[in-house]
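S.K.: Contents are PDB, C-alpha atoms; file name final-v1.pdb:
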```
ATOM      1  CA  MET A   1       0.528  -0.468  -8.821
ATOM      2  CA  ALA A   2       1.976   0.557  -5.518
ATOM      3  CA  VAL A   3       3.099  -0.398  -2.029
ATOM      4  CA  ALA A   4       1.594   1.599   0.836
ATOM      5  CA  ILE A   5       3.533   2.964   3.796
ATOM      6  CA  ASP A   6       2.448   2.775   7.416
ATOM      7  CA  GLU A   7       1.405   5.699   9.593
ATOM      8  CA  VAL A   8       4.722   5.869  11.484
ATOM      9  CA  ALA A   9       6.695   6.347   8.254
ATOM     10  CA  ARG A  10       4.037   8.725   6.903
ATOM     11  CA  LYS A  11       4.395  10.926  10.002
ATOM     12  CA  GLU A  12       8.215  10.970   9.740
ATOM     13  CA  LEU A  13       8.098  11.854   6.036
ATOM     14  CA  ALA A  14       5.469  14.558   6.634
ATOM     15  CA  GLU A  15       7.753  16.152   9.239
ATOM     16  CA  ALA A  16      10.625  16.187   6.727
ATOM     17  CA  GLN A  17       8.319  17.768   4.147
ATOM     18  CA  GLN A  18       7.291  20.473   6.630
ATOM     19  CA  ALA A  19      10.943  21.293   7.308
ATOM     20  CA  MET A  20      11.641  21.512   3.564
ATOM     21  CA  LYS A  21       8.556  23.691   3.000
ATOM     22  CA  ARG A  22      10.013  26.250   5.411
ATOM     23  CA  ILE A  23      12.947  26.707   2.997
ATOM     24  CA  GLY A  24      10.527  28.247   0.513
ATOM     25  CA  ALA A  25      11.626  26.291  -2.560
ATOM     26  CA  GLY A  26       9.317  26.101  -5.565
ATOM     27  CA  VAL A  27       8.117  22.564  -4.899
ATOM     28  CA  SER A  28       4.701  20.989  -5.235
ATOM     29  CA  TRP A  29       4.664  18.691  -2.203
ATOM     30  CA  VAL A  30       2.887  15.340  -2.241
ATOM     31  CA  VAL A  31       0.078  15.198   0.313
ATOM     32  CA  PRO A  32       1.395  12.824   3.038
ATOM     33  CA  LEU A  33      -1.652  10.589   2.675
ATOM     34  CA  ASN A  34      -0.639  10.020  -0.984
ATOM     35  CA  ILE A  35       2.987   8.992  -0.376
ATOM     36  CA  HIS A  36       3.637   5.458  -1.654
ATOM     37  CA  VAL A  37       6.136   3.417  -3.655
ATOM     38  CA  THR A  38       5.061   3.220  -7.278
ATOM     39  CA  LEU A  39       5.900  -0.184  -8.699
ATOM     40  CA  VAL A  40       4.298   0.043 -12.133
ATOM     41  CA  PHE A  41       2.497   2.825 -13.957
ATOM     42  CA  ILE A  42       0.156   1.663 -16.704
ATOM     43  CA  GLY A  43      -1.617   4.896 -17.597
ATOM     44  CA  ASP A  44      -5.189   5.185 -18.771
ATOM     45  CA  ILE A  45      -7.065   1.924 -19.249
ATOM     46  CA  PHE A  46     -10.613   0.886 -19.978
ATOM     47  CA  GLU A  47     -12.618  -0.366 -17.014
ATOM     48  CA  THR A  48     -13.144  -3.639 -18.872
ATOM     49  CA  ALA A  49      -9.393  -4.314 -18.532
ATOM     50  CA  LEU A  50      -9.472  -4.248 -14.711
ATOM     51  CA  PRO A  51     -10.272  -7.964 -14.202
ATOM     52  CA  LEU A  52      -7.311  -8.959 -16.368
ATOM     53  CA  ILE A  53      -4.989  -6.585 -14.502
ATOM     54  CA  ARG A  54      -6.216  -7.842 -11.110
ATOM     55  CA  LYS A  55      -5.525 -11.433 -12.200
ATOM     56  CA  ALA A  56      -2.015 -10.506 -13.380
ATOM     57  CA  ILE A  57      -1.289  -8.897 -10.012
ATOM     58  CA  ASP A  58      -2.708 -11.849  -8.075
ATOM     59  CA  ARG A  59      -0.688 -14.348 -10.150
ATOM     60  CA  THR A  60       2.458 -12.366  -9.459
ATOM     61  CA  THR A  61       1.994 -11.738  -5.732
ATOM     62  CA  ALA A  62       1.290 -15.462  -5.192
ATOM     63  CA  HIS A  63       4.982 -16.058  -5.917
ATOM     64  CA  HIS A  64       6.472 -13.333  -3.736
ATOM     65  CA  SER A  65       6.906 -13.225   0.027
ATOM     66  CA  PRO A  66       6.415 -10.176   2.236
ATOM     67  CA  GLY A  67       9.519  -8.215   3.083
ATOM     68  CA  ALA A  68      10.725  -5.073   4.779
ATOM     69  CA  MET A  69      13.347  -2.434   4.196
ATOM     70  CA  ASP A  70      14.387   0.880   5.677
ATOM     71  CA  ILE A  71      13.050   4.176   4.434
ATOM     72  CA  GLN A  72      16.276   6.086   4.671
ATOM     73  CA  GLY A  73      17.808   9.216   3.259
ATOM     74  CA  LEU A  74      16.548  12.109   1.231
ATOM     75  CA  GLY A  75      17.631  12.620  -2.357
ATOM     76  CA  TYR A  76      16.590  14.106  -5.652
ATOM     77  CA  PHE A  77      16.416  13.358  -9.344
ATOM     78  CA  GLY A  78      18.100  15.913 -11.584
ATOM     79  CA  ARG A  79      21.193  18.028 -11.068
ATOM     80  CA  PRO A  80      21.737  20.273  -8.038
ATOM     81  CA  GLY A  81      20.861  23.340 -10.110
ATOM     82  CA  SER A  82      17.799  21.801 -11.738
ATOM     83  CA  LEU A  83      16.101  19.365  -9.397
ATOM     84  CA  LYS A  84      13.063  17.493 -10.731
ATOM     85  CA  VAL A  85      11.850  15.311  -7.857
ATOM     86  CA  VAL A  86      12.576  15.199  -4.111
ATOM     87  CA  TRP A  87      12.403  11.667  -2.692
ATOM     88  CA  ALA A  88      13.031   9.433   0.288
ATOM     89  CA  GLY A  89      15.130   6.367  -0.439
ATOM     90  CA  LEU A  90      14.891   2.694   0.380
ATOM     91  CA  GLN A  91      17.804   0.809   1.944
ATOM     92  CA  GLY A  92      18.475  -2.764   2.951
ATOM     93  CA  ASN A  93      17.220  -5.813   1.137
ATOM     94  CA  ILE A  94      15.509  -4.128  -1.827
ATOM     95  CA  LEU A  95      16.216  -6.942  -4.290
ATOM     96  CA  PRO A  96      12.880  -8.714  -3.561
ATOM     97  CA  LEU A  97      11.050  -5.446  -4.308
ATOM     98  CA  ILE A  98      12.951  -5.079  -7.582
ATOM     99  CA  ARG A  99      12.065  -8.671  -8.534
ATOM    100  CA  LEU A 100       8.404  -8.109  -7.625
ATOM    101  CA  GLN A 101       8.285  -5.021  -9.847
ATOM    102  CA  ALA A 102       9.957  -6.834 -12.749
ATOM    103  CA  ASP A 103       7.539  -9.776 -12.439
ATOM    104  CA  LEU A 104       4.551  -7.412 -12.393
ATOM    105  CA  VAL A 105       5.796  -5.761 -15.597
ATOM    106  CA  SER A 106       6.312  -9.171 -17.225
ATOM    107  CA  ALA A 107       2.827 -10.354 -16.232
ATOM    108  CA  LEU A 108       1.225  -7.201 -17.611
ATOM    109  CA  LYS A 109       3.160  -7.421 -20.861
ATOM    110  CA  ALA A 110       2.170 -11.091 -21.228
ATOM    111  CA  ASP A 111      -1.469  -9.980 -20.988
ATOM    112  CA  GLY A 112      -1.006  -7.310 -23.676
ATOM    113  CA  PHE A 113      -0.504  -4.198 -21.549
ATOM    114  CA  SER A 114       2.260  -1.641 -22.065
ATOM    115  CA  PRO A 115       3.449  -0.470 -18.648
ATOM    116  CA  ASP A 116       5.760   2.529 -18.363
ATOM    117  CA  ALA A 117       9.193   1.484 -19.655
ATOM    118  CA  LYS A 118      11.264   3.746 -17.369
ATOM    119  CA  PRO A 119      13.865   1.882 -15.302
ATOM    120  CA  PHE A 120      12.585   1.114 -11.783
ATOM    121  CA  LYS A 121      14.283   3.245  -9.129
ATOM    122  CA  PRO A 122      12.647   2.350  -5.783
ATOM    123  CA  HIS A 123      11.795   5.554  -3.888
ATOM    124  CA  LEU A 124       8.977   7.546  -2.315
ATOM    125  CA  THR A 125       8.239  10.812  -4.108
ATOM    126  CA  LEU A 126       7.885  13.673  -1.623
ATOM    127  CA  GLY A 127       7.664  16.591  -4.041
ATOM    128  CA  ARG A 128       8.035  17.768  -7.630
ATOM    129  CA  VAL A 129      10.171  20.848  -8.226
ATOM    130  CA  ARG A 130       8.293  23.575 -10.149
ATOM    131  CA  SER A 131      10.831  26.427 -10.053
ATOM    132  CA  SER A 132      14.440  27.114  -9.106
ATOM    133  CA  ARG A 133      13.394  29.407  -6.218
ATOM    134  CA  GLN A 134      15.524  28.655  -3.110
ATOM    135  CA  ILE A 135      16.835  25.466  -4.756
ATOM    136  CA  GLY A 136      20.284  25.875  -3.157
ATOM    137  CA  GLY A 137      18.826  25.779   0.347
ATOM    138  CA  LEU A 138      16.781  22.720  -0.552
ATOM    139  CA  VAL A 139      19.840  20.889  -1.927
ATOM    140  CA  GLU A 140      21.742  21.682   1.291
ATOM    141  CA  PHE A 141      18.872  20.366   3.429
ATOM    142  CA  ILE A 142      18.586  17.153   1.377
ATOM    143  CA  THR A 143      22.350  16.567   1.344
ATOM    144  CA  ALA A 144      22.529  16.967   5.137
ATOM    145  CA  ARG A 145      19.853  14.276   5.524
ATOM    146  CA  SER A 146      21.114  11.707   3.039
ATOM    147  CA  ASP A 147      21.208   9.080   5.824
ATOM    148  CA  GLN A 148      18.205  10.100   7.955
ATOM    149  CA  SER A 149      15.862   7.257   8.904
ATOM    150  CA  PHE A 150      12.119   7.564   8.291
ATOM    151  CA  GLY A 151      11.011   4.148   9.524
ATOM    152  CA  ARG A 152      10.388   0.877   7.699
ATOM    153  CA  LEU A 153       8.567  -0.083   4.539
ATOM    154  CA  ASN A 154       6.690  -3.330   5.063
ATOM    155  CA  VAL A 155       5.899  -4.862   1.687
ATOM    156  CA  LEU A 156       2.820  -6.939   2.468
ATOM    157  CA  SER A 157       0.623  -6.363  -0.573
ATOM    158  CA  VAL A 158       0.396  -4.699  -3.961
ATOM    159  CA  LEU A 159      -2.291  -2.098  -4.523
ATOM    160  CA  LEU A 160      -3.872  -1.359  -7.875
ATOM    161  CA  MET A 161      -4.528   2.351  -7.622
ATOM    162  CA  ASN A 162      -6.513   4.832  -9.644
ATOM    163  CA  SER A 163      -5.450   8.456  -9.722
ATOM    164  CA  LEU A 164      -7.917  11.203 -10.471
ATOM    165  CA  LEU A 165      -6.036  14.370 -11.371
ATOM    166  CA  THR A 166      -7.471  17.572  -9.924
ATOM    167  CA  PRO A 167      -6.140  21.163  -9.704
ATOM    168  CA  GLN A 168      -5.412  20.489  -6.010
ATOM    169  CA  GLY A 169      -3.391  17.363  -6.850
ATOM    170  CA  PRO A 170      -4.188  13.718  -7.491
ATOM    171  CA  ILE A 171      -6.818  11.816  -5.554
ATOM    172  CA  TYR A 172      -5.936   8.145  -5.203
ATOM    173  CA  SER A 173      -8.304   5.256  -4.689
ATOM    174  CA  VAL A 174      -7.498   1.579  -4.264
ATOM    175  CA  LEU A 175      -9.157  -0.605  -6.898
ATOM    176  CA  HIS A 176      -7.623  -3.909  -5.774
ATOM    177  CA  LYS A 177      -5.372  -5.204  -3.007
ATOM    178  CA  SER A 178      -3.334  -8.355  -3.558
ATOM    179  CA  PRO A 179      -1.448  -9.726  -0.536
ATOM    180  CA  LEU A 180       1.949 -11.311  -1.003
ATOM    181  CA  LYS A 181       2.104 -15.003  -0.126
ATOM    182  CA  THR A 182       2.439 -15.676   3.583
ATOM    183  CA  GLU A 183       3.516 -19.308   3.568
ATOM    184  CA  LEU A 184       5.692 -21.565   1.496
ATOM    185  CA  ALA A 185       4.034 -23.125  -1.516
ATOM    186  CA  GLY A 186       3.059 -26.714  -0.802
ATOM    187  CA  ALA A 187       3.186 -26.266   2.976
ATOM    188  CA  PRO A 188       0.330 -27.946   4.893
TER     189      PRO A 188
END
```
Using structure tokens, write down the structure that the file contains.
M.R.:
Amino acid sequence: MAVAIDEVARKELAEAQQAMKRIGAGVSWVVPLNIHVTLVFIGDIFETALPLIRKAIDRTTAHHSPGAMDIQGLGYFGRPGSLKVVWAGLQGNILPLIRLQADLVSALKADGFSPDAKPFKPHLTLGRVRSSRQIGGLVEFITARSDQSFGRLNVLSVLLMNSLLTPQGPIYSVLHKSPLKTELAGAP
């Protein structure tokens, strides 16, 4: 399950990726069209489980309002000498996003699914480090842009996505889109 980014943010993040590519680090960069915020990863499932998952998402999004936050700063997971993932961060009021993610996990568990148990760290993955080639230059670039703005993330819906892994990278398709509630419950 994921939250999509808009084209303005996608363009800003793609420009940052291009600048980092010029460093020559051993990174497998995410295709800009595929950049999103992963909320929950549930792994391989049978197609017969999709209706139950869609219902769990719909039940959850019915209790959450849209929100927005800043896409700001570059960072990485791992240590400076052994980076794992290069990401763009989220700043501002991220608590509603954290609650949405936790409620999605709870709804899936209640329906018998076992979502990934890793702690949720809201971010947008830009690349996965494959080698230590030119890693120092990449760390310097990232550190110098720890506060750079890349636009806004408007959390309007949750997408159930399928990823087909190919040698050229994953191909994503949206299986279901569930909008967050747009009015107060019980309002006329």
S.K.: Pull out every residue that the PyMOL selection byres ((chain A and resi 82) around 9) matches in the shown coordinates and put them as a PyMOL selection string.
M.R.: chain A and resi 77-81+83-84+129+131-132+135
S.K.: Could you turn the residues from that selection into a file that holds C-alpha atoms, as a PDB file, keeping the file's coordinate frame?
M.R.:
```
ATOM      1  CA  PHE A  77      16.416  13.358  -9.344  1.00  0.00           C
ATOM      2  CA  GLY A  78      18.100  15.913 -11.584  1.00  0.00           C
ATOM      3  CA  ARG A  79      21.193  18.028 -11.068  1.00  0.00           C
ATOM      4  CA  PRO A  80      21.737  20.273  -8.038  1.00  0.00           C
ATOM      5  CA  GLY A  81      20.861  23.340 -10.110  1.00  0.00           C
ATOM      6  CA  LEU A  83      16.101  19.365  -9.397  1.00  0.00           C
ATOM      7  CA  LYS A  84      13.063  17.493 -10.731  1.00  0.00           C
ATOM      8  CA  VAL A 129      10.171  20.848  -8.226  1.00  0.00           C
ATOM      9  CA  SER A 131      10.831  26.427 -10.053  1.00  0.00           C
ATOM     10  CA  SER A 132      14.440  27.114  -9.106  1.00  0.00           C
ATOM     11  CA  ILE A 135      16.835  25.466  -4.756  1.00  0.00           C
TER      12      ILE A 135
END
```
S.K.: Looking at all atoms listed in the file, which of A:Leu39, A:Leu159, A:Ala102, A:Ala88 is the one that sits closest to Tyr76 in chain A?
M.R.: A:Ala88
S.K.: Enter the distance from CA of Leu124 in chain A to CA of Leu97 in chain A, in Å, rounded to one decimal.
M.R.: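 Separation between CA of Leu124 in chain A and CA of Leu97 in chain A: 13.3 Å.
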S.K.: Considering all atoms listed in the file, state which residue in the set A:Val85, A:Ala144, A:Ile23, A:Ile42 is at the smallest distance from Pro115 in chain A.
M.R.: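 Using all atoms listed in the file, the shortest distance to Pro115 in chain A belongs to A:Ile42.
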S.K.: So how far away is CA of Met1 in chain A from CA of Ala68 in chain A, in Å?
M.R.: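 Computed distance, CA of Ala68 in chain A to CA of Met1 in chain A, equals 17.6 Å.
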S.K.: Counting all atoms listed in the file, figure out which residue out of A:Leu100, A:Ala2, A:Val40, A:Leu108 gets nearest to Ala62 in chain A.
M.R.: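 Of the candidates, the smallest distance to Ala62 in chain A is held by A:Leu100.
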